[in-house]
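Source file: structure_25.pdb (PDB, C-alpha atoms)
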MODEL        1
ATOM      1  CA  MET H  37    -149.130 185.339-131.093  1.00  0.00           C
ATOM      2  CA  ILE H  38    -150.935 186.555-128.013  1.00  0.00           C
ATOM      3  CA  ILE H  39    -154.529 186.793-129.173  1.00  0.00           C
ATOM      4  CA  ASN H  40    -155.735 188.587-126.032  1.00  0.00           C
ATOM      5  CA  LYS H  41    -153.548 191.538-127.026  1.00  0.00           C
ATOM      6  CA  VAL H  42    -155.244 191.584-130.437  1.00  0.00           C
ATOM      7  CA  ILE H  43    -158.634 191.528-128.698  1.00  0.00           C
ATOM      8  CA  LYS H  44    -157.500 194.482-126.562  1.00  0.00           C
ATOM      9  CA  ILE H  45    -156.655 196.427-129.747  1.00  0.00           C
ATOM     10  CA  CYS H  46    -160.073 195.569-131.203  1.00  0.00           C
ATOM     11  CA  LYS H  47    -161.913 196.650-128.070  1.00  0.00           C
ATOM     12  CA  LYS H  48    -159.962 199.905-127.852  1.00  0.00           C
ATOM     13  CA  SER H  49    -160.640 200.772-131.504  1.00  0.00           C
ATOM     14  CA  GLY H  50    -164.248 199.592-131.435  1.00  0.00           C
ATOM     15  CA  ILE H  51    -163.626 197.538-134.570  1.00  0.00           C
ATOM     16  CA  VAL H  52    -163.395 193.824-135.213  1.00  0.00           C
ATOM     17  CA  SER H  53    -162.573 192.961-138.794  1.00  0.00           C
ATOM     18  CA  MET H  54    -162.553 189.255-139.630  1.00  0.00           C
ATOM     19  CA  VAL H  55    -161.091 188.413-143.030  1.00  0.00           C
ATOM     20  CA  THR H  56    -161.078 184.893-144.453  1.00  0.00           C
ATOM     21  CA  TYR H  57    -158.394 184.516-147.111  1.00  0.00           C
ATOM     22  CA  ASN H  58    -156.638 181.442-148.555  1.00  0.00           C
ATOM     23  CA  GLY H  59    -158.040 179.180-145.854  1.00  0.00           C
ATOM     24  CA  TYR H  60    -156.992 181.386-142.932  1.00  0.00           C
ATOM     25  CA  GLN H  61    -158.852 183.857-140.811  1.00  0.00           C
ATOM     26  CA  TRP H  62    -157.307 187.230-140.072  1.00  0.00           C
ATOM     27  CA  LEU H  63    -158.383 189.351-137.136  1.00  0.00           C
ATOM     28  CA  GLY H  64    -157.836 193.056-137.344  1.00  0.00           C
ATOM     29  CA  ALA H  65    -158.734 196.500-136.201  1.00  0.00           C
ATOM     30  CA  TYR H  66    -158.060 199.810-137.884  1.00  0.00           C
ATOM     31  CA  ARG H  67    -154.270 199.679-138.472  1.00  0.00           C
ATOM     32  CA  ALA H  68    -153.307 196.016-137.972  1.00  0.00           C
ATOM     33  CA  MET H  69    -154.354 192.480-138.940  1.00  0.00           C
ATOM     34  CA  TYR H  70    -153.145 189.210-137.464  1.00  0.00           C
ATOM     35  CA  ARG H  71    -153.367 185.688-138.884  1.00  0.00           C
ATOM     36  CA  LEU H  72    -155.236 183.402-136.530  1.00  0.00           C
ATOM     37  CA  LEU H  73    -153.222 180.232-136.098  1.00  0.00           C
ATOM     38  CA  GLY H  74    -154.146 177.444-133.725  1.00  0.00           C
ATOM     39  CA  THR H  75    -157.665 178.703-133.093  1.00  0.00           C
ATOM     40  CA  ALA H  76    -160.987 177.316-134.151  1.00  0.00           C
ATOM     41  CA  GLU H  77    -162.564 178.954-137.174  1.00  0.00           C
ATOM     42  CA  PHE H  78    -165.068 181.594-136.166  1.00  0.00           C
ATOM     43  CA  LYS H  79    -168.356 181.093-138.010  1.00  0.00           C
ATOM     44  CA  ASP H  80    -169.949 184.394-136.976  1.00  0.00           C
ATOM     45  CA  LYS H  81    -169.703 187.318-134.592  1.00  0.00           C
ATOM     46  CA  ASN H  82    -171.729 185.596-131.860  1.00  0.00           C
ATOM     47  CA  GLN H  83    -169.248 182.739-131.692  1.00  0.00           C
ATOM     48  CA  PHE H  84    -166.362 185.229-131.719  1.00  0.00           C
ATOM     49  CA  PHE H  85    -167.880 187.377-128.963  1.00  0.00           C
ATOM     50  CA  ALA H  86    -168.655 184.322-126.826  1.00  0.00           C
ATOM     51  CA  THR H  87    -165.144 182.905-127.230  1.00  0.00           C
ATOM     52  CA  PHE H  88    -163.527 186.094-125.982  1.00  0.00           C
ATOM     53  CA  ASP H  89    -166.087 186.976-123.290  1.00  0.00           C
ATOM     54  CA  PHE H  90    -167.349 190.236-124.759  1.00  0.00           C
ATOM     55  CA  ASP H  91    -170.004 191.532-122.381  1.00  0.00           C
ATOM     56  CA  GLU H  92    -173.186 193.122-123.721  1.00  0.00           C
ATOM     57  CA  LYS H  93    -171.966 196.669-123.102  1.00  0.00           C
ATOM     58  CA  THR H  94    -168.734 196.028-125.046  1.00  0.00           C
ATOM     59  CA  LYS H  95    -170.581 194.275-127.889  1.00  0.00           C
ATOM     60  CA  GLU H  96    -172.763 197.355-128.351  1.00  0.00           C
ATOM     61  CA  LYS H  97    -169.652 199.489-128.889  1.00  0.00           C
ATOM     62  CA  ILE H  98    -168.031 197.137-131.410  1.00  0.00           C
ATOM     63  CA  HIS H  99    -168.441 197.390-135.177  1.00  0.00           C
ATOM     64  CA  TYR H 100    -167.984 193.836-136.453  1.00  0.00           C
ATOM     65  CA  PHE H 101    -167.122 193.236-140.113  1.00  0.00           C
ATOM     66  CA  GLU H 102    -166.642 189.995-142.044  1.00  0.00           C
ATOM     67  CA  HIS H 103    -164.857 189.900-145.398  1.00  0.00           C
ATOM     68  CA  ASP H 104    -163.957 187.156-147.843  1.00  0.00           C
ATOM     69  CA  ILE H 105    -161.217 189.228-149.416  1.00  0.00           C
ATOM     70  CA  PRO H 106    -158.533 191.397-147.798  1.00  0.00           C
ATOM     71  CA  PRO H 107    -158.614 195.168-148.073  1.00  0.00           C
ATOM     72  CA  GLU H 108    -157.380 196.287-151.502  1.00  0.00           C
ATOM     73  CA  ALA H 109    -154.504 198.181-149.947  1.00  0.00           C
ATOM     74  CA  VAL H 110    -152.744 195.129-148.494  1.00  0.00           C
ATOM     75  CA  ASP H 111    -151.562 191.769-149.776  1.00  0.00           C
ATOM     76  CA  LEU H 112    -152.044 188.836-147.401  1.00  0.00           C
ATOM     77  CA  ASP H 113    -150.023 186.377-149.468  1.00  0.00           C
ATOM     78  CA  ASP H 114    -146.997 184.933-147.685  1.00  0.00           C
ATOM     79  CA  THR H 115    -144.595 186.111-150.367  1.00  0.00           C
ATOM     80  CA  VAL H 116    -144.742 188.894-152.902  1.00  0.00           C
ATOM     81  CA  GLU H 117    -142.162 190.252-155.327  1.00  0.00           C
ATOM     82  CA  GLN H 118    -142.248 193.810-154.033  1.00  0.00           C
ATOM     83  CA  GLU H 119    -141.151 193.101-150.459  1.00  0.00           C
ATOM     84  CA  THR H 120    -137.994 194.451-148.830  1.00  0.00           C
ATOM     85  CA  PRO H 121    -136.525 193.710-145.387  1.00  0.00           C
ATOM     86  CA  LEU H 122    -136.566 196.341-142.662  1.00  0.00           C
ATOM     87  CA  GLU H 123    -133.731 196.954-140.245  1.00  0.00           C
ATOM     88  CA  ARG H 124    -134.549 197.706-136.614  1.00  0.00           C
ATOM     89  CA  THR H 125    -132.912 200.775-135.097  1.00  0.00           C
ATOM     90  CA  PHE H 126    -132.102 200.753-131.430  1.00  0.00           C
ATOM     91  CA  TYR H 127    -134.147 203.706-130.178  1.00  0.00           C
ATOM     92  CA  ASN H 128    -137.839 203.672-129.370  1.00  0.00           C
ATOM     93  CA  LEU H 129    -139.586 207.029-129.279  1.00  0.00           C
ATOM     94  CA  PRO H 130    -142.557 207.961-127.109  1.00  0.00           C
ATOM     95  CA  TYR H 131    -145.693 208.248-129.200  1.00  0.00           C
ATOM     96  CA  SER H 132    -149.171 208.776-127.814  1.00  0.00           C
ATOM     97  CA  GLU H 133    -149.755 206.048-125.210  1.00  0.00           C
ATOM     98  CA  HIS H 134    -147.129 203.733-126.720  1.00  0.00           C
ATOM     99  CA  ASP H 135    -143.637 203.775-128.140  1.00  0.00           C
ATOM    100  CA  ALA H 136    -142.943 204.229-131.832  1.00  0.00           C
ATOM    101  CA  ILE H 137    -140.429 201.638-132.982  1.00  0.00           C
ATOM    102  CA  PRO H 138    -138.330 202.866-135.921  1.00  0.00           C
ATOM    103  CA  TYR H 139    -137.287 200.617-138.791  1.00  0.00           C
ATOM    104  CA  LYS H 140    -134.944 201.590-141.630  1.00  0.00           C
ATOM    105  CA  THR H 141    -136.057 200.796-145.169  1.00  0.00           C
ATOM    106  CA  THR H 142    -133.697 199.817-147.974  1.00  0.00           C
ATOM    107  CA  ALA H 143    -134.534 203.186-149.592  1.00  0.00           C
ATOM    108  CA  GLY H 144    -133.102 205.014-146.563  1.00  0.00           C
ATOM    109  CA  GLU H 145    -136.424 206.076-145.042  1.00  0.00           C
ATOM    110  CA  ILE H 146    -137.714 205.388-141.542  1.00  0.00           C
ATOM    111  CA  LEU H 147    -141.049 203.669-140.855  1.00  0.00           C
ATOM    112  CA  PHE H 148    -142.484 203.661-137.340  1.00  0.00           C
ATOM    113  CA  LEU H 149    -144.487 200.839-135.794  1.00  0.00           C
ATOM    114  CA  SER H 150    -146.616 201.422-132.727  1.00  0.00           C
ATOM    115  CA  SER H 151    -145.523 199.141-129.899  1.00  0.00           C
ATOM    116  CA  GLU H 152    -149.248 198.552-129.317  1.00  0.00           C
ATOM    117  CA  PHE H 153    -149.473 196.711-132.649  1.00  0.00           C
ATOM    118  CA  VAL H 154    -146.242 194.780-132.095  1.00  0.00           C
ATOM    119  CA  ALA H 155    -147.341 193.606-128.607  1.00  0.00           C
ATOM    120  CA  PRO H 156    -149.425 190.659-129.928  1.00  0.00           C
ATOM    121  CA  LEU H 157    -146.197 189.268-131.415  1.00  0.00           C
ATOM    122  CA  SER H 158    -144.221 189.510-128.171  1.00  0.00           C
ATOM    123  CA  ASP H 159    -144.275 185.765-127.510  1.00  0.00           C
ATOM    124  CA  CYS H 160    -142.448 185.080-130.788  1.00  0.00           C
ATOM    125  CA  ILE H 161    -140.730 188.419-131.461  1.00  0.00           C
ATOM    126  CA  GLU H 162    -137.219 186.910-131.559  1.00  0.00           C
ATOM    127  CA  ASP H 163    -138.314 184.882-134.613  1.00  0.00           C
ATOM    128  CA  VAL H 164    -140.204 187.693-136.361  1.00  0.00           C
ATOM    129  CA  GLU H 165    -138.778 189.584-139.311  1.00  0.00           C
ATOM    130  CA  PHE H 166    -140.374 192.762-140.609  1.00  0.00           C
ATOM    131  CA  TYR H 167    -140.691 193.728-144.266  1.00  0.00           C
ATOM    132  CA  GLU H 168    -141.942 196.726-146.174  1.00  0.00           C
ATOM    133  CA  ARG H 169    -144.603 196.317-148.824  1.00  0.00           C
ATOM    134  CA  LYS H 170    -146.368 198.938-150.912  1.00  0.00           C
ATOM    135  CA  THR H 171    -150.047 199.566-151.515  1.00  0.00           C
ATOM    136  CA  PRO H 172    -151.286 200.117-155.086  1.00  0.00           C
ATOM    137  CA  GLU H 173    -151.021 203.854-154.249  1.00  0.00           C
ATOM    138  CA  ASN H 174    -147.312 203.298-153.375  1.00  0.00           C
ATOM    139  CA  LYS H 175    -147.805 203.832-149.642  1.00  0.00           C
ATOM    140  CA  SER H 176    -145.718 201.709-147.301  1.00  0.00           C
ATOM    141  CA  TYR H 177    -147.078 199.123-144.922  1.00  0.00           C
ATOM    142  CA  ILE H 178    -145.270 196.577-142.814  1.00  0.00           C
ATOM    143  CA  VAL H 179    -145.651 192.822-142.649  1.00  0.00           C
ATOM    144  CA  ALA H 180    -144.362 190.522-139.932  1.00  0.00           C
ATOM    145  CA  LYS H 181    -143.193 187.054-140.890  1.00  0.00           C
ATOM    146  CA  ILE H 182    -141.763 183.987-139.268  1.00  0.00           C
ATOM    147  CA  GLY H 183    -139.738 182.359-142.002  1.00  0.00           C
ATOM    148  CA  TYR H 184    -141.972 182.537-145.069  1.00  0.00           C
ATOM    149  CA  LEU H 185    -145.222 182.631-143.059  1.00  0.00           C
ATOM    150  CA  LEU H 186    -146.942 186.002-142.945  1.00  0.00           C
ATOM    151  CA  ILE H 187    -148.390 186.495-139.454  1.00  0.00           C
ATOM    152  CA  ALA H 188    -149.319 190.188-139.304  1.00  0.00           C
ATOM    153  CA  VAL H 189    -149.896 193.290-141.394  1.00  0.00           C
ATOM    154  CA  ILE H 190    -149.314 196.591-139.628  1.00  0.00           C
ATOM    155  CA  MET H 191    -149.718 200.093-140.947  1.00  0.00           C
ATOM    156  CA  PRO H 192    -146.934 202.460-139.885  1.00  0.00           C
ATOM    157  CA  VAL H 193    -147.709 205.380-137.595  1.00  0.00           C
ATOM    158  CA  ASP H 194    -147.049 208.904-138.813  1.00  0.00           C
ATOM    159  CA  ILE H 195    -145.107 210.756-136.137  1.00  0.00           C
ATOM    160  CA  ILE H 196    -142.796 212.854-138.289  1.00  0.00           C
ATOM    161  CA  THR H 197    -143.768 216.520-138.213  1.00  0.00           C
ATOM    162  CA  ASP H 198    -141.806 219.778-138.306  1.00  0.00           C
ATOM    163  CA  LYS H 199    -142.068 219.938-134.511  1.00  0.00           C
ATOM    164  CA  PHE H 200    -140.798 216.357-134.197  1.00  0.00           C
ATOM    165  CA  LEU H 201    -137.792 217.118-136.431  1.00  0.00           C
ATOM    166  CA  ASP H 202    -137.035 220.334-134.502  1.00  0.00           C
ATOM    167  CA  GLU H 203    -137.125 218.411-131.226  1.00  0.00           C
ATOM    168  CA  LEU H 204    -134.774 215.760-132.634  1.00  0.00           C
ATOM    169  CA  LEU H 205    -132.329 218.433-133.811  1.00  0.00           C
ATOM    170  CA  ASP H 206    -132.457 220.101-130.382  1.00  0.00           C
ATOM    171  CA  PHE H 207    -131.898 216.716-128.725  1.00  0.00           C
ATOM    172  CA  ARG H 208    -128.910 216.038-130.990  1.00  0.00           C
ATOM    173  CA  ARG H 209    -127.449 219.476-130.221  1.00  0.00           C
ATOM    174  CA  ARG H 210    -127.799 218.904-126.474  1.00  0.00           C
ATOM    175  CA  CYS H 211    -126.217 215.452-126.757  1.00  0.00           C
ATOM    176  CA  SER H 212    -123.276 217.003-128.637  1.00  0.00           C
ATOM    177  CA  VAL H 213    -122.826 219.661-125.944  1.00  0.00           C
ATOM    178  CA  THR H 214    -122.872 216.989-123.234  1.00  0.00           C
ATOM    179  CA  TYR H 215    -120.535 214.705-125.176  1.00  0.00           C
ATOM    180  CA  ASN H 216    -118.045 217.532-125.765  1.00  0.00           C
ATOM    181  CA  ALA H 217    -118.167 218.492-122.067  1.00  0.00           C
ATOM    182  CA  ILE H 218    -117.448 214.868-121.078  1.00  0.00           C
ATOM    183  CA  LYS H 219    -114.548 214.736-123.549  1.00  0.00           C
ATOM    184  CA  GLU H 220    -113.149 218.011-122.148  1.00  0.00           C
ATOM    185  CA  VAL H 221    -113.275 216.693-118.595  1.00  0.00           C
ATOM    186  CA  SER H 222    -111.635 213.474-119.702  1.00  0.00           C
ATOM    187  CA  ILE H 223    -108.821 215.367-121.440  1.00  0.00           C
ATOM    188  CA  ASN H 224    -108.260 217.562-118.371  1.00  0.00           C
ATOM    189  CA  ASP H 225    -108.179 214.485-116.114  1.00  0.00           C
ATOM    190  CA  ASP H 226    -105.416 213.018-118.302  1.00  0.00           C
ATOM    191  CA  ILE H 227    -103.194 216.118-117.928  1.00  0.00           C
TER
ENDMDL
END
This structure in structure tokens:
Amino acid sequence: MIINKVIKICKKSGIVSMVTYNGYQWLGAYRAMYRLLGTAEFKDKNQFFATFDFDEKTKEKIHYFEHDIPPEAVDLDDTVEQETPLERTFYNLPYSEHDAIPYKTTAGEILFLSSEFVAPLSDCIEDVEFYERKTPENKSYIVAKIGYLLIAVIMPVDIITDKFLDELLDFRRRCSVTYNAIKEVSINDDI
């Protein structure tokens, strides 16, 4: 994991959430949490800020939280019964400042991950598998694992709107028109 990319997410969101759970520290901000592996344990925010060179101006903008238990909505255990694999589709879609990466669920739905929250995993992405888990309220969230080791928890981004669906239908229609025109030219070339 590339911890500097996690720090970038924290600075951008203005939130640093440090969770200690089952002997591991998790660093998160707003919509994602990452297991800290191979780093020293952070005893407090001053040590954390010093380690990652937060200047005084940045520190003033950061809301730092420490927790001994994870948020109720997510499960930080490496394995849980209610976990299903996700299948990567091959199209990324522009979303805000980043791409939305679609994953198919076993129930036939699509969950989108922001490429911003996947970026910290880029050094090991070929070994990462993504799974869907559910909150107690039955909302989906995504976990990233290497083997059985949970390394990240990422909340999906909501990009599906009526406008989004209309634009996809229009895109599909235009692709069909183009495809049919190419086929027609190809048929005429064969004559």
The PyMOL selection byres ((chain H and resi 128) around 12) applied to the shown file, residues as a compact mmCIF listing (two decimals) with C-alpha atoms, keeping the file's coordinate frame:
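Dumped to expr-v6.txt:
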# COMPACT_ATOMS: atom_id res chain seq x y z
CA ARG H 124 -134.55 197.71 -136.61
CA THR H 125 -132.91 200.78 -135.10
CA PHE H 126 -132.10 200.75 -131.43
CA TYR H 127 -134.15 203.71 -130.18
CA LEU H 129 -139.59 207.03 -129.28
CA PRO H 130 -142.56 207.96 -127.11
CA TYR H 131 -145.69 208.25 -129.20
CA HIS H 134 -147.13 203.73 -126.72
CA ASP H 135 -143.64 203.78 -128.14
CA ALA H 136 -142.94 204.23 -131.83
CA ILE H 137 -140.43 201.64 -132.98
CA PRO H 138 -138.33 202.87 -135.92
CA TYR H 139 -137.29 200.62 -138.79
CA LEU H 147 -141.05 203.67 -140.85
CA PHE H 148 -142.48 203.66 -137.34
CA LEU H 149 -144.49 200.84 -135.79
CA SER H 150 -146.62 201.42 -132.73
CA SER H 151 -145.52 199.14 -129.90
(message) List as a ChimeraX atom specification the protein and nucleic acid residues near stretch 140-143 of chain H, meaning an atom at most 6 Å away when all atoms listed in the file are counted, but skip any in the same chain fewer than 3 places from it.
(response) /H:122-123,146
The selected residues should be written to file as a PDB file, in the coordinates of the input (atoms: C-alpha atoms).
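The result, stored in result_28.pdb:
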ATOM      1  CA  LEU H 122    -136.566 196.341-142.662  1.00  0.00           C
ATOM      2  CA  GLU H 123    -133.731 196.954-140.245  1.00  0.00           C
ATOM      3  CA  ILE H 146    -137.714 205.388-141.542  1.00  0.00           C
TER       4      ILE H 146
END
(request) Please provide as a PyMOL selection string all residues within 9 Å of H:Met54, with the sequence filter that same-chain residues fewer than 6 positions apart are discarded (counting all atoms listed in the file). (result) chain H and resi 61-65+69+78+81+100-104
Counting all atoms listed in the file, which residues of stretch 100-152 of chain H sit at most 7 Å from some atom of stretch 171-185 of chain H, and what is each one's closest atom pair with its distance in Å to one decimal, listed by chain and rising residue number, as a Markdown table?
| residue | atom | partner | partner_atom | distance |
| --- | --- | --- | --- | --- |
| H:Ala109 | CA | H:Thr171 | CA | 4.9 |
| H:Val110 | CA | H:Thr171 | CA | 6.0 |
| H:Asp114 | CA | H:Leu185 | CA | 5.5 |
| H:Thr115 | CA | H:Tyr184 | CA | 6.9 |
Neighbours of H:Glu96 within 12 Å (all atoms listed in the file; same-chain residues fewer than 3 positions away dropped), as a PDB file with C-alpha atoms, keeping the file's coordinate frame?
ATOM      1  CA  LYS H  47    -161.913 196.650-128.070  1.00  0.00           C
ATOM      2  CA  GLY H  50    -164.248 199.592-131.435  1.00  0.00           C
ATOM      3  CA  ILE H  51    -163.626 197.538-134.570  1.00  0.00           C
ATOM      4  CA  PHE H  85    -167.880 187.377-128.963  1.00  0.00           C
ATOM      5  CA  PHE H  90    -167.349 190.236-124.759  1.00  0.00           C
ATOM      6  CA  ASP H  91    -170.004 191.532-122.381  1.00  0.00           C
ATOM      7  CA  GLU H  92    -173.186 193.122-123.721  1.00  0.00           C
ATOM      8  CA  LYS H  93    -171.966 196.669-123.102  1.00  0.00           C
ATOM      9  CA  HIS H  99    -168.441 197.390-135.177  1.00  0.00           C
ATOM     10  CA  TYR H 100    -167.984 193.836-136.453  1.00  0.00           C
TER      11      TYR H 100
END
(message) So that I can check the surroundings of H:Tyr60, please list as a list in words every protein, DNA and RNA residue that reaches within 8 Å of it, counting only C-alpha atoms and ignoring chain neighbours fewer than 5 positions away.
(response) Arg71, Leu72 and Leu73 of chain H
(message) To one decimal place in Å, what is the distance between atom CA of H:Gly59 and atom CA of H:Ile39?
(response)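 Going from atom CA of H:Gly59 over to atom CA of H:Ile39 covers 18.7 Å.
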(message) Given all atoms listed in the file as the basis, pick out the residue of H:Arg210, H:Lys44, H:Lys95, H:Arg169 nearest to H:Ile190.
(response) H:Arg169
(request) Write out as a list of chain:residue names which residues come within 10 Å of H:Asn58 when counting all atoms listed in the file, dropping same-chain ones fewer than 6 positions away. (result)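 The filter keeps H:Asp104, H:Ile105, H:Leu112, H:Asp113.
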(request) Just give me the gap between atom CA of H:Glu77 and atom CA of H:Met37 in Å, one decimal is fine. (result) 16.1 Å
(message) Report, in Å to a single decimal, how far apart atom CA of H:Ser158 and atom CA of H:Val116 are.
(response)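 A separation of 24.7 Å between them.
Ranking H:Asp89, H:Thr56, H:Pro156, H:Phe166 by their shortest atom-to-atom distance to H:Thr120, with only C-alpha atoms included, puts H:Phe166 first.
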(message) With distances taken over all atoms listed in the file, which residue among H:Ile218, H:Ile45, H:Ile187, H:Val55 lies nearest H:Ile98?
(response)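 Result for the nearest residue to H:Ile98: H:Ile45.
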How big is the axis-aligned box, and where does its centre sit, when it encloses all atoms of stretch 37-43 of chain H listed in the file and has 6 Å added on every side, reported in Å to one decimal as JSON?
{"center_x": -153.9, "center_y": 188.5, "center_z": -128.6, "size_x": 21.5, "size_y": 18.2, "size_z": 17.1}
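With all atoms listed in the file as the basis for measurement, H:Ala188 is the residue among H:Gly144, H:Ala188, H:Val42, H:Arg209 that approaches H:Ile161 most closely.
Candidate residues H:Arg208, H:Lys79, H:Lys41, H:Lys170 were compared for distance to H:Asp111, and the nearest is H:Lys170, using only C-alpha atoms.
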Only C-alpha atoms needed: put stretch 152-214 of chain H from the block into a file as an mmCIF file, in the first residue's frame.
data_model
loop_
_atom_site.group_PDB
_atom_site.id
_atom_site.type_symbol
_atom_site.label_atom_id
_atom_site.label_comp_id
_atom_site.auth_asym_id
_atom_site.auth_seq_id
_atom_site.Cartn_x
_atom_site.Cartn_y
_atom_site.Cartn_z
ATOM 1 C CA GLU H 152 -8.988 7.996 -5.746
ATOM 2 C CA PHE H 153 -9.673 5.380 -3.057
ATOM 3 C CA VAL H 154 -8.144 2.536 -5.070
ATOM 4 C CA ALA H 155 -4.925 4.518 -5.749
ATOM 5 C CA PRO H 156 -3.310 3.624 -2.378
ATOM 6 C CA LEU H 157 -3.492 -0.032 -3.456
ATOM 7 C CA SER H 158 -1.802 0.543 -6.819
ATOM 8 C CA ASP H 159 1.493 -1.039 -5.769
ATOM 9 C CA CYS H 160 -0.236 -4.367 -5.068
ATOM 10 C CA ILE H 161 -3.384 -4.099 -7.205
ATOM 11 C CA GLU H 162 -2.620 -7.256 -9.221
ATOM 12 C CA ASP H 163 -2.904 -9.248 -5.968
ATOM 13 C CA VAL H 164 -5.991 -7.467 -4.619
ATOM 14 C CA GLU H 165 -9.448 -8.996 -4.746
ATOM 15 C CA PHE H 166 -12.559 -6.970 -4.001
ATOM 16 C CA TYR H 167 -15.593 -8.221 -2.095
ATOM 17 C CA GLU H 168 -18.985 -6.845 -1.203
ATOM 18 C CA ARG H 169 -20.104 -6.738 2.403
ATOM 19 C CA LYS H 170 -23.274 -5.321 3.917
ATOM 20 C CA THR H 171 -23.792 -2.895 6.769
ATOM 21 C CA PRO H 172 -26.367 -3.712 9.470
ATOM 22 C CA GLU H 173 -28.725 -1.467 7.437
ATOM 23 C CA ASN H 174 -28.092 -3.728 4.385
ATOM 24 C CA LYS H 175 -26.083 -1.113 2.490
ATOM 25 C CA SER H 176 -23.165 -2.344 0.413
ATOM 26 C CA TYR H 177 -19.543 -1.531 1.062
ATOM 27 C CA ILE H 178 -16.424 -2.927 -0.521
ATOM 28 C CA VAL H 179 -13.404 -4.567 1.050
ATOM 29 C CA ALA H 180 -10.036 -5.163 -0.573
ATOM 30 C CA LYS H 181 -8.097 -8.275 0.358
ATOM 31 C CA ILE H 182 -4.850 -9.959 -0.483
ATOM 32 C CA GLY H 183 -5.530 -13.620 0.114
ATOM 33 C CA TYR H 184 -7.404 -13.709 3.417
ATOM 34 C CA LEU H 185 -5.893 -10.440 4.698
ATOM 35 C CA LEU H 186 -8.244 -7.470 4.684
ATOM 36 C CA ILE H 187 -6.267 -4.379 3.652
ATOM 37 C CA ALA H 188 -8.915 -1.741 2.907
ATOM 38 C CA VAL H 189 -12.566 -0.852 3.357
ATOM 39 C CA ILE H 190 -14.029 1.456 0.732
ATOM 40 C CA MET H 191 -17.514 2.856 0.479
ATOM 41 C CA PRO H 192 -18.915 2.844 -3.060
ATOM 42 C CA VAL H 193 -19.626 6.126 -4.820
ATOM 43 C CA ASP H 194 -23.163 6.893 -5.933
ATOM 44 C CA ILE H 195 -23.065 8.032 -9.545
ATOM 45 C CA ILE H 196 -26.258 6.459 -10.852
ATOM 46 C CA THR H 197 -28.928 9.071 -11.513
ATOM 47 C CA ASP H 198 -31.669 9.448 -14.124
ATOM 48 C CA LYS H 199 -29.356 11.748 -16.089
ATOM 49 C CA PHE H 200 -26.531 9.194 -15.897
ATOM 50 C CA LEU H 201 -28.816 6.416 -17.186
ATOM 51 C CA ASP H 202 -30.127 8.651 -20.000
ATOM 52 C CA GLU H 203 -26.564 9.461 -21.041
ATOM 53 C CA LEU H 204 -25.648 5.760 -21.046
ATOM 54 C CA LEU H 205 -28.674 4.927 -23.203
ATOM 55 C CA ASP H 206 -27.762 7.736 -25.618
ATOM 56 C CA PHE H 207 -24.167 6.477 -25.710
ATOM 57 C CA ARG H 208 -25.368 2.936 -26.441
ATOM 58 C CA ARG H 209 -27.652 4.199 -29.221
ATOM 59 C CA ARG H 210 -24.800 6.146 -30.824
ATOM 60 C CA CYS H 211 -22.483 3.134 -30.582
ATOM 61 C CA SER H 212 -25.143 1.005 -32.308
ATOM 62 C CA VAL H 213 -25.512 3.559 -35.112
ATOM 63 C CA THR H 214 -21.738 3.641 -35.598
#
